[in-house]
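Coordinates as given in run25.csv (CSV, C-alpha atoms):
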```csv
chain,number,residue,atom,x,y,z
E,1,MET,CA,-0.1,20.5,-13.6
E,2,LEU,CA,1.3,19.7,-10.2
E,3,ALA,CA,-2.0,20.2,-8.5
E,4,LEU,CA,-3.4,17.3,-10.4
E,5,GLY,CA,-1.8,14.8,-8.1
E,6,LEU,CA,-0.1,11.8,-9.6
E,7,VAL,CA,1.0,13.1,-13.0
E,8,LEU,CA,3.8,12.7,-15.3
E,9,VAL,CA,6.2,15.6,-14.6
E,10,ALA,CA,9.4,14.7,-16.3
E,11,SER,CA,11.0,11.9,-18.4
E,12,THR,CA,14.3,13.5,-19.2
E,13,SER,CA,17.4,14.2,-17.1
E,14,ALA,CA,16.9,18.0,-17.7
E,15,GLY,CA,13.3,17.8,-16.5
E,16,VAL,CA,14.3,15.8,-13.4
E,17,GLY,CA,16.9,18.4,-12.6
E,18,GLN,CA,14.3,21.1,-12.5
E,19,LEU,CA,12.1,19.2,-10.0
E,20,GLY,CA,14.2,19.9,-6.9
E,21,SER,CA,13.2,23.6,-6.8
E,22,VAL,CA,9.5,22.7,-7.4
E,23,ALA,CA,9.1,20.1,-4.8
E,24,GLY,CA,10.3,22.2,-1.9
E,25,TYR,CA,12.2,19.3,-0.2
E,26,PRO,CA,15.4,17.6,-1.4
E,27,LEU,CA,15.0,14.9,-4.0
E,28,PHE,CA,17.0,11.7,-4.5
E,29,ASN,CA,17.0,9.2,-7.3
E,30,ALA,CA,19.3,6.5,-8.7
E,31,GLY,CA,20.2,8.3,-11.9
E,32,ASP,CA,19.1,7.4,-15.4
E,33,ARG,CA,19.5,3.6,-14.8
E,34,VAL,CA,19.9,1.4,-11.8
E,35,ASP,CA,20.5,-2.3,-11.5
E,36,GLY,CA,20.1,-2.6,-15.3
E,37,VAL,CA,16.7,-0.9,-15.3
E,38,PRO,CA,16.2,2.5,-17.0
E,39,LEU,CA,14.3,5.5,-15.5
E,40,ALA,CA,10.9,5.3,-17.2
E,41,THR,CA,8.9,8.1,-15.8
E,42,VAL,CA,8.6,10.6,-13.0
E,43,LEU,CA,5.3,11.2,-11.1
E,44,ARG,CA,4.2,13.6,-8.5
E,45,ARG,CA,1.3,13.3,-5.9
E,46,GLU,CA,0.1,16.3,-4.1
E,47,ASP,CA,-3.2,15.4,-2.4
E,48,SER,CA,-3.8,13.0,0.5
E,49,ALA,CA,-0.2,11.8,-0.2
E,50,GLU,CA,2.7,14.0,-1.2
E,51,PHE,CA,5.8,12.7,-3.0
E,52,VAL,CA,7.8,12.7,-6.2
E,53,SER,CA,8.2,9.2,-7.7
E,54,PHE,CA,10.9,7.9,-9.9
E,55,VAL,CA,9.7,4.8,-11.7
E,56,TYR,CA,12.4,2.4,-13.1
E,57,GLY,CA,11.5,-0.1,-15.8
E,58,ASP,CA,8.3,-1.2,-17.3
E,59,CYS,CA,5.6,-3.9,-17.0
E,60,VAL,CA,2.6,-5.0,-18.9
E,61,ALA,CA,-0.8,-4.1,-17.4
E,62,ARG,CA,-4.0,-5.7,-18.7
E,63,ASP,CA,-7.8,-5.2,-18.4
E,64,ASP,CA,-8.6,-5.0,-14.7
E,65,VAL,CA,-5.0,-6.1,-13.7
E,66,GLY,CA,-2.4,-3.4,-13.0
E,67,CYS,CA,1.3,-4.3,-12.7
E,68,ALA,CA,4.2,-3.4,-10.4
E,69,PRO,CA,7.1,-1.7,-12.2
E,70,PRO,CA,10.5,-3.4,-11.4
E,71,ALA,CA,11.5,-0.5,-9.1
E,72,GLU,CA,10.3,2.8,-7.8
E,73,ILE,CA,11.8,5.5,-5.6
E,74,GLN,CA,9.3,7.7,-3.8
E,75,VAL,CA,10.6,10.8,-2.1
E,76,TRP,CA,8.3,12.3,0.6
E,77,PRO,CA,8.7,15.4,2.8
E,78,ALA,CA,9.7,13.9,6.2
E,79,CYS,CA,7.1,16.0,7.9
E,80,HIS,CA,4.4,13.9,6.1
E,81,ARG,CA,6.1,10.5,6.1
E,82,ASN,CA,8.9,9.4,8.4
E,83,LEU,CA,10.1,6.4,10.4
E,84,GLY,CA,8.3,7.6,13.5
E,85,LEU,CA,5.0,6.5,11.9
E,86,TYR,CA,6.1,2.9,12.7
E,87,ASP,CA,7.0,3.5,16.4
E,88,HIS,CA,3.5,2.5,17.6
E,89,ALA,CA,2.8,-0.2,15.1
E,90,THR,CA,1.3,-3.3,16.7
E,91,ASP,CA,3.3,-6.5,16.8
E,92,ARG,CA,0.3,-8.7,16.2
E,93,GLY,CA,0.2,-9.6,12.6
E,94,ALA,CA,2.1,-6.5,11.4
E,95,PRO,CA,4.9,-6.9,8.9
E,96,VAL,CA,8.3,-7.8,10.3
E,97,VAL,CA,10.4,-4.7,10.3
E,98,GLU,CA,14.2,-4.8,10.1
E,99,ARG,CA,16.0,-1.7,11.5
E,100,LEU,CA,19.4,-0.8,10.1
E,101,PHE,CA,21.7,2.1,9.2
E,102,LEU,CA,22.4,2.7,5.5
E,103,ARG,CA,24.9,5.3,4.3
E,104,GLY,CA,24.9,6.8,7.8
E,105,VAL,CA,21.1,7.3,8.3
E,106,PRO,CA,18.4,5.2,9.9
E,107,ALA,CA,16.4,2.9,7.6
E,108,LEU,CA,13.7,0.3,7.9
E,109,LEU,CA,13.1,-2.8,5.7
E,110,PHE,CA,9.6,-4.2,5.2
E,111,ASP,CA,8.0,-6.9,3.1
E,112,ASP,CA,11.0,-9.3,3.0
E,113,GLY,CA,13.3,-6.4,2.1
E,114,THR,CA,11.3,-5.3,-0.9
E,115,ARG,CA,10.4,-2.0,0.6
E,116,LEU,CA,13.0,0.2,2.2
E,117,GLU,CA,12.5,3.5,3.9
E,118,LEU,CA,15.2,5.9,5.0
E,119,GLU,CA,15.3,9.4,6.4
E,120,THR,CA,17.8,11.9,5.1
E,121,GLY,CA,17.7,15.7,5.7
E,122,ARG,CA,14.1,16.9,5.3
E,123,SER,CA,13.2,13.9,3.1
E,124,THR,CA,12.1,10.3,3.4
E,125,VAL,CA,13.1,8.0,0.6
E,126,VAL,CA,11.0,5.0,0.0
E,127,VAL,CA,12.3,2.2,-2.3
E,128,PHE,CA,10.0,-0.5,-3.8
E,129,ALA,CA,11.8,-3.3,-5.6
E,130,GLY,CA,11.2,-6.9,-6.6
E,131,THR,CA,13.9,-8.3,-4.3
E,132,ARG,CA,15.8,-7.3,-1.2
E,133,GLY,CA,19.1,-7.3,-3.2
E,134,ARG,CA,17.7,-4.8,-5.7
E,135,ALA,CA,16.3,-2.6,-3.0
E,136,LEU,CA,19.8,-2.4,-1.3
E,137,ARG,CA,21.5,-1.8,-4.6
E,138,ILE,CA,19.2,1.1,-5.3
E,139,ALA,CA,19.9,2.5,-1.8
E,140,ALA,CA,23.6,2.4,-2.6
E,141,ALA,CA,23.0,4.2,-5.9
E,142,LEU,CA,20.9,7.0,-4.4
E,143,ARG,CA,22.1,10.5,-5.2
E,144,ALA,CA,20.7,14.0,-4.7
E,145,ILE,CA,19.3,15.3,-8.0
E,146,ASP,CA,20.9,18.6,-7.4
E,147,GLY,CA,24.3,16.9,-7.3
E,148,SER,CA,25.0,17.6,-3.6
E,149,VAL,CA,25.2,13.9,-2.6
E,150,LEU,CA,26.9,11.3,-4.8
E,151,PRO,CA,26.2,7.6,-4.9
E,152,SER,CA,27.7,5.5,-2.1
E,153,ARG,CA,28.6,8.6,-0.1
E,154,PRO,CA,27.0,9.3,3.3
E,155,LEU,CA,23.6,10.8,3.2
E,156,PRO,CA,22.7,13.9,5.2
E,157,GLU,CA,21.5,13.1,8.7
E,158,PRO,CA,17.7,13.5,9.3
E,159,LEU,CA,16.8,17.0,10.4
E,160,ARG,CA,14.9,16.8,13.7
E,161,MET,CA,13.4,19.4,16.1
E,162,GLU,CA,14.4,19.4,19.7
E,163,GLY,CA,11.7,16.9,20.7
E,164,GLY,CA,12.8,14.5,18.0
E,165,ASP,CA,10.0,15.2,15.6
E,166,PRO,CA,10.8,15.9,12.0
E,167,VAL,CA,11.0,19.6,11.0
E,168,GLU,CA,7.8,21.2,10.1
E,169,CYS,CA,6.6,21.4,6.5
D,170,MET,CA,-4.0,-34.7,42.1
D,171,ARG,CA,-7.4,-34.6,40.5
D,172,ARG,CA,-7.4,-30.9,40.7
D,173,LEU,CA,-4.0,-30.8,38.9
D,174,SER,CA,-5.4,-33.0,36.2
D,175,VAL,CA,-8.4,-30.7,35.7
D,176,LEU,CA,-6.1,-27.7,35.4
D,177,LEU,CA,-3.9,-29.5,32.9
D,178,ALA,CA,-6.9,-30.5,30.9
D,179,ALA,CA,-8.2,-26.9,30.9
D,180,LEU,CA,-4.8,-25.7,29.8
D,181,LEU,CA,-4.7,-28.2,26.9
D,182,VAL,CA,-8.2,-27.2,25.8
D,183,SER,CA,-7.1,-23.6,26.0
D,184,LEU,CA,-4.0,-24.2,23.9
D,185,ALA,CA,-6.0,-26.3,21.4
D,186,GLY,CA,-8.4,-23.5,21.0
D,187,THR,CA,-5.6,-20.9,20.2
D,188,PRO,CA,-5.5,-21.4,16.4
D,189,ALA,CA,-9.2,-20.5,16.1
D,190,LEU,CA,-8.5,-17.1,17.7
D,191,ALA,CA,-5.2,-16.4,16.0
D,192,HIS,CA,-4.1,-12.9,15.1
D,193,PHE,CA,-5.3,-10.9,12.2
D,194,ASP,CA,-2.4,-11.1,9.6
D,195,GLU,CA,-1.6,-7.8,7.9
D,196,ALA,CA,1.9,-8.7,6.9
D,197,ASP,CA,1.1,-8.6,3.2
D,198,ARG,CA,-0.7,-5.5,2.2
D,199,TYR,CA,-1.3,-6.1,-1.5
D,200,THR,CA,-3.4,-8.4,-3.7
D,201,HIS,CA,-1.6,-10.7,-6.2
D,202,GLY,CA,-2.2,-11.8,-9.7
D,203,ALA,CA,-1.5,-15.4,-8.8
D,204,CYS,CA,-0.1,-17.7,-6.1
D,205,PRO,CA,2.5,-17.9,-4.7
D,206,ALA,CA,2.5,-14.2,-3.8
D,207,SER,CA,5.6,-12.2,-4.6
D,208,ALA,CA,6.6,-8.6,-4.9
D,209,THR,CA,6.6,-8.9,-8.6
D,210,ASN,CA,2.9,-10.1,-9.0
D,211,ARG,CA,1.4,-7.4,-6.8
D,212,VAL,CA,-1.7,-5.9,-8.4
D,213,ASP,CA,-3.7,-3.7,-5.9
D,214,PRO,CA,-3.0,-2.3,-2.4
D,215,VAL,CA,-5.2,-3.6,0.4
D,216,ASN,CA,-7.0,-0.6,1.8
D,217,VAL,CA,-10.1,-1.8,3.7
D,218,VAL,CA,-10.4,-4.2,6.7
D,219,PHE,CA,-13.8,-5.3,8.0
D,220,THR,CA,-13.8,-6.2,11.7
D,221,SER,CA,-16.0,-7.5,14.5
D,222,TRP,CA,-18.4,-9.5,12.5
D,223,GLY,CA,-16.4,-9.1,9.3
D,224,THR,CA,-16.7,-12.4,7.7
D,225,TRP,CA,-16.4,-12.3,4.0
D,226,GLY,CA,-20.0,-13.1,3.6
D,227,ARG,CA,-21.1,-10.3,5.9
D,228,ALA,CA,-18.7,-8.0,4.1
D,229,GLU,CA,-20.2,-8.9,0.8
D,230,SER,CA,-23.8,-8.5,1.9
D,231,GLN,CA,-23.1,-5.2,3.7
D,232,VAL,CA,-21.3,-3.8,0.7
D,233,GLU,CA,-24.3,-4.7,-1.4
D,234,SER,CA,-26.8,-3.2,1.1
D,235,HIS,CA,-24.9,0.0,2.1
D,236,ALA,CA,-23.1,0.8,-1.1
D,237,GLY,CA,-25.3,-0.8,-3.6
D,238,TRP,CA,-22.4,-2.6,-5.3
D,239,THR,CA,-24.2,-5.7,-6.6
D,240,ALA,CA,-22.3,-6.5,-9.8
D,241,ALA,CA,-19.9,-9.4,-9.5
D,242,SER,CA,-17.8,-9.2,-12.6
D,243,GLY,CA,-14.1,-8.8,-12.5
D,244,SER,CA,-10.9,-10.8,-12.7
D,245,ALA,CA,-9.8,-13.1,-9.8
D,246,GLN,CA,-7.0,-12.0,-7.5
D,247,SER,CA,-5.2,-13.6,-4.6
D,248,PHE,CA,-4.3,-12.5,-1.1
D,249,ALA,CA,-1.5,-13.7,1.1
D,250,GLU,CA,-2.0,-14.4,4.9
D,251,HIS,CA,-0.6,-16.6,7.6
D,252,GLY,CA,2.3,-17.8,5.4
D,253,GLY,CA,0.0,-18.9,2.6
D,254,CYS,CA,-1.7,-17.5,-0.4
D,255,GLY,CA,-5.3,-18.1,-1.5
D,256,PRO,CA,-7.9,-16.7,-3.9
D,257,MET,CA,-10.3,-13.9,-3.0
D,258,HIS,CA,-13.6,-15.0,-1.6
D,259,THR,CA,-15.8,-12.6,-3.3
D,260,GLN,CA,-16.0,-9.3,-5.3
D,261,SER,CA,-18.6,-6.6,-5.7
D,262,ALA,CA,-18.9,-3.7,-8.1
D,263,SER,CA,-21.2,-0.8,-8.7
D,264,GLY,CA,-21.7,-1.7,-12.3
D,265,HIS,CA,-19.9,-3.0,-15.4
D,266,GLY,CA,-18.6,0.2,-17.0
D,267,SER,CA,-16.7,2.9,-15.1
D,268,ARG,CA,-17.4,1.8,-11.5
D,269,PHE,CA,-16.4,1.2,-7.9
D,270,HIS,CA,-15.0,-2.3,-7.3
D,271,VAL,CA,-13.8,-4.3,-4.3
D,272,ARG,CA,-12.3,-7.7,-3.8
D,273,VAL,CA,-12.5,-9.4,-0.4
D,274,ARG,CA,-10.9,-12.3,1.4
D,275,GLY,CA,-11.8,-13.4,4.9
D,276,GLN,CA,-9.5,-14.4,7.7
D,277,HIS,CA,-10.1,-16.5,10.8
D,278,PRO,CA,-11.1,-14.6,14.0
D,279,ASP,CA,-8.7,-12.4,15.8
D,280,ALA,CA,-8.9,-12.1,19.6
D,281,ALA,CA,-9.2,-8.4,19.6
D,282,LEU,CA,-10.7,-7.6,16.2
D,283,GLY,CA,-13.1,-10.4,15.9
D,284,TRP,CA,-14.0,-11.8,12.5
D,285,THR,CA,-11.9,-10.0,9.9
D,286,ALA,CA,-11.8,-9.7,6.1
D,287,PHE,CA,-9.4,-7.6,4.1
D,288,ALA,CA,-10.3,-5.9,0.9
D,289,ALA,CA,-8.9,-4.0,-2.0
D,290,ALA,CA,-11.2,-1.3,-3.2
D,291,HIS,CA,-10.9,1.1,-6.1
D,292,HIS,CA,-12.7,3.2,-8.7
D,293,GLU,CA,-11.8,2.3,-12.2
D,294,ASP,CA,-12.7,3.7,-15.7
D,295,LEU,CA,-13.7,1.5,-18.6
D,296,VAL,CA,-11.1,2.8,-21.1
D,297,LEU,CA,-12.2,2.6,-24.8
D,298,LEU,CA,-10.2,5.5,-26.3
D,299,PRO,CA,-7.7,6.0,-27.8
D,300,LEU,CA,-7.2,2.3,-27.6
D,301,PRO,CA,-9.7,0.0,-25.8
D,302,CYS,CA,-7.9,-1.7,-22.9
D,303,GLY,CA,-10.7,-2.4,-20.4
D,304,HIS,CA,-10.8,-1.4,-16.7
D,305,ALA,CA,-8.0,0.9,-15.4
D,306,VAL,CA,-7.8,2.3,-11.9
D,307,ASP,CA,-8.0,6.1,-11.9
D,308,ALA,CA,-4.7,7.9,-11.7
D,309,ASN,CA,-4.6,10.6,-9.1
D,310,GLY,CA,-6.8,13.7,-9.1
D,311,SER,CA,-7.8,16.1,-6.4
D,312,ALA,CA,-9.8,13.2,-4.8
D,313,GLY,CA,-6.7,11.0,-4.7
D,314,SER,CA,-6.1,7.8,-6.7
D,315,GLY,CA,-8.8,5.4,-7.7
D,316,PHE,CA,-7.7,3.2,-4.8
D,317,ASP,CA,-8.2,6.1,-2.4
D,318,GLN,CA,-11.6,6.9,-4.0
D,319,GLY,CA,-12.8,3.3,-3.6
D,320,ARG,CA,-11.7,3.2,0.1
D,321,ASP,CA,-13.3,6.7,0.8
D,322,GLU,CA,-16.6,5.7,-0.9
D,323,LEU,CA,-16.9,2.5,1.2
D,324,GLU,CA,-16.0,4.4,4.4
D,325,ARG,CA,-18.5,7.1,3.6
D,326,ARG,CA,-21.3,4.6,2.8
D,327,PHE,CA,-20.7,2.5,5.9
D,328,THR,CA,-20.3,5.4,8.4
D,329,SER,CA,-23.5,6.9,7.0
D,330,ALA,CA,-25.2,3.6,7.9
D,331,GLY,CA,-24.0,3.8,11.5
D,332,HIS,CA,-20.8,1.8,11.3
D,333,SER,CA,-17.7,3.0,13.1
D,334,SER,CA,-14.4,3.3,11.4
D,335,TYR,CA,-10.8,4.4,11.9
D,336,ARG,CA,-7.7,4.7,9.7
D,337,VAL,CA,-4.3,3.1,10.2
D,338,TRP,CA,-1.1,4.0,8.4
D,339,TRP,CA,0.1,1.0,6.3
D,340,GLY,CA,2.5,2.8,4.0
D,341,ASN,CA,1.6,0.5,1.0
D,342,THR,CA,2.0,3.3,-1.5
D,343,GLN,CA,3.7,1.5,-4.4
D,344,SER,CA,2.5,2.7,-7.8
D,345,PHE,CA,0.9,0.3,-10.2
D,346,LYS,CA,0.8,0.8,-14.0
D,347,GLN,CA,-2.7,0.5,-15.5
D,348,CYS,CA,-3.7,-0.7,-18.9
D,349,ASP,CA,-4.2,2.9,-20.1
D,350,GLY,CA,-0.5,3.7,-19.3
D,351,ASP,CA,-1.3,5.8,-16.2
D,352,TYR,CA,-0.1,4.9,-12.7
D,353,ALA,CA,-2.1,4.6,-9.5
D,354,GLY,CA,-1.3,3.9,-5.9
D,355,SER,CA,-2.7,4.1,-2.4
D,356,ASP,CA,-2.0,7.1,-0.2
D,357,GLY,CA,-0.9,4.5,2.5
D,358,TRP,CA,-4.0,4.7,4.8
D,359,THR,CA,-6.2,1.7,5.4
D,360,VAL,CA,-9.7,2.1,6.9
D,361,PHE,CA,-11.0,-0.4,9.5
D,362,ILE,CA,-14.8,-0.7,9.4
D,363,GLU,CA,-16.7,-2.4,12.1
D,364,LEU,CA,-19.5,-4.7,10.9
D,365,HIS,CA,-22.5,-5.4,13.2
D,366,ARG,CA,-24.1,-8.7,14.1
D,367,VAL,CA,-26.4,-10.4,11.6
D,368,GLY,CA,-29.7,-8.5,11.6
D,369,HIS,CA,-28.3,-5.0,11.0
```

Entire entry expressed as structure tokens:
Amino acid sequence: MLALGLVLVASTSAGVGQLGSVAGYPLFNAGDRVDGVPLATVLRREDSAEFVSFVYGDCVARDDVGCAPPAEIQVWPACHRNLGLYDHATDRGAPVVERLFLRGVPALLFDDGTRLELETGRSTVVVFAGTRGRALRIAAALRAIDGSVLPSRPLPEPLRMEGGDPVEC
Amino acid sequence: MRRLSVLLAALLVSLAGTPALAHFDEADRYTHGACPASATNRVDPVNVVFTSWGTWGRAESQVESHAGWTAASGSAQSFAEHGGCGPMHTQSASGHGSRFHVRVRGQHPDAALGWTAFAAAHHEDLVLLPLPCGHAVDANGSAGSGFDQGRDELERRFTSAGHSSYRVWWGNTQSFKQCDGDYAGSDGWTVFIELHRVGH
């Protein structure tokens, strides 16, 4: 089932709890509900992209017109997606990037704050939200699904090799 | 004094010409269901950029000739650029049922990239069962999402016809719910395809 790419892998807390050992890298989400929005589904991609996605809330899609859920947390292995990918981004016409530290780890805000990326341990957490405020509230609510990191507590520092690159997959 | 006047005039002409060669704006990397653009009315990820002679008209004709996507049906979407929001300029599809489909909006010339147009490509199924809902972008399979498939197909068709291309990490991987209940998103890589002069 996981080899199919973006698929529904769990929709219950018990199912989510089992994901950590399957993914092979630490997973984080915002619990069963965040900012008034319930966890709707969990997806996994394992093809040209690799992540586990926690989708919060619902939206109405129509013929030929998809829709953006109110919030989404994607957790990627840092060896595939990390903040270093943006080191060489051109300034000309590229999105304005805001660099900050959140819960003790480096983070970047894109798209007027509606996309947040932070590195922690061997994972990169990517938050999509309708507003900057919601993205930051979700960041504050992040927790490790294995219970090792609680909301609002410091996140594990990014794991890096000697040269500064993320650890290998 | 006259020499200074000539230099000033040249400088003014140069400055006046700047807007026509402004930068390619990639700040917003999604299409939108309407204007003004916002994070809540995003619809598709932008995953293709046509460059060099990439006017929207050239992009349309080249997609038709190299990919054979000649159908023009589909809903209208909008793109945001340079602080504004405007409707797409054109769309092309490989048919009317399950099909490849791309929406395109042109931008003004860029000093380095030339004429540019950005595009949102995908493969979508015509969903009739269990409930008919219309076109839904493919959820992921071994070939990636429908968004990735559309981008890959255009890249394959254009490079086979002699166009150069390269990929840039954009990170616009947000998932979008489709009318069949599945979710689809880009893998975050956008392909830049160079278009040739008229005559190719």

Inset, instruction - Please return, as a ChimeraX atom specification, all residues of chain D lying within 7 Å of chain E when all atoms listed in the file are considered. - result: /D:192-196,208-212,244,302-305,308-311,313,343-348,356

Legend entry - Separation of atom CA of D:Arg320 from atom CA of D:Ser242 in Å: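 Interatomic distance here is 18.8 Å.
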
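Pairwise distance (atom CA of E:Pro77, atom CA of E:Ser152) equals 22.0 Å.
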
Inset, instruction - Tell me, as a ChimeraX atom specification, which residues lie within 10 Å of E:Tyr25, counting only C-alpha atoms; anything in the same chain fewer than 4 positions away does not count. - result: /E:19-21,51-52,75-78,121-124,169

Legend entry - Gap from atom CA of D:Ala240 to atom CA of D:Ser267 - Å, one decimal: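 Atom CA of D:Ala240 sits 12.2 Å away from atom CA of D:Ser267.
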
Legend entry - Within 12 Å of file point (-5.3, 1.3, 8.7), counting only C-alpha atoms, expressed as a PyMOL selection string: (chain E and resi 85+89-90+94) or (chain D and resi 195+198+214-220+287-288+320+324+334-341+355-362)

Legend entry - Counting only C-alpha atoms, the option among E:Gly104, E:Pro38, E:Gly24, E:Gly57 closest to E:Ala140: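 Of the candidates, the smallest distance to E:Ala140 is held by E:Gly104.
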
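Close contacts of D:Phe316, defined as residues with an atom at most 7 Å away when counting only C-alpha atoms, with chain neighbours fewer than 3 positions off set aside, comprise Ala290, His291, His292, Gly319, Arg320, Gly354 and Ser355 of chain D.
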
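If you count all atoms listed in the file and ignore residues fewer than 3 places along the chain from D:His332, what sits within 10 Å of it is Glu324, Arg325, Arg326, Phe327, Thr328, Ser329, Ile362, Glu363, Leu364 and His365 of chain D.
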
Quick one: residues within 10 Å of D:Ser221, all atoms listed in the file counted, chain neighbours fewer than 2 positions away excluded, as a compact mmCIF listing (two decimals) with C-alpha atoms, in the frame of the given file?
```txt
# COMPACT_ATOMS: atom_id res chain seq x y z
CA PHE D 219 -13.80 -5.30 8.00
CA GLY D 223 -16.40 -9.10 9.30
CA THR D 224 -16.70 -12.40 7.70
CA PRO D 278 -11.10 -14.60 14.00
CA ASP D 279 -8.70 -12.40 15.80
CA ALA D 280 -8.90 -12.10 19.60
CA ALA D 281 -9.20 -8.40 19.60
CA LEU D 282 -10.70 -7.60 16.20
CA GLY D 283 -13.10 -10.40 15.90
CA TRP D 284 -14.00 -11.80 12.50
CA THR D 285 -11.90 -10.00 9.90
CA ALA D 286 -11.80 -9.70 6.10
CA ILE D 362 -14.80 -0.70 9.40
CA GLU D 363 -16.70 -2.40 12.10
CA LEU D 364 -19.50 -4.70 10.90
CA HIS D 365 -22.50 -5.40 13.20
CA ARG D 366 -24.10 -8.70 14.10
```

Inset, instruction - Using all atoms listed in the file, pick whichever of E:Met161, E:Ala139, E:Val125, E:Cys79 has the shortest atom-to-atom distance to E:Leu102. - result: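 Closest to E:Leu102, using all atoms listed in the file: E:Ala139.
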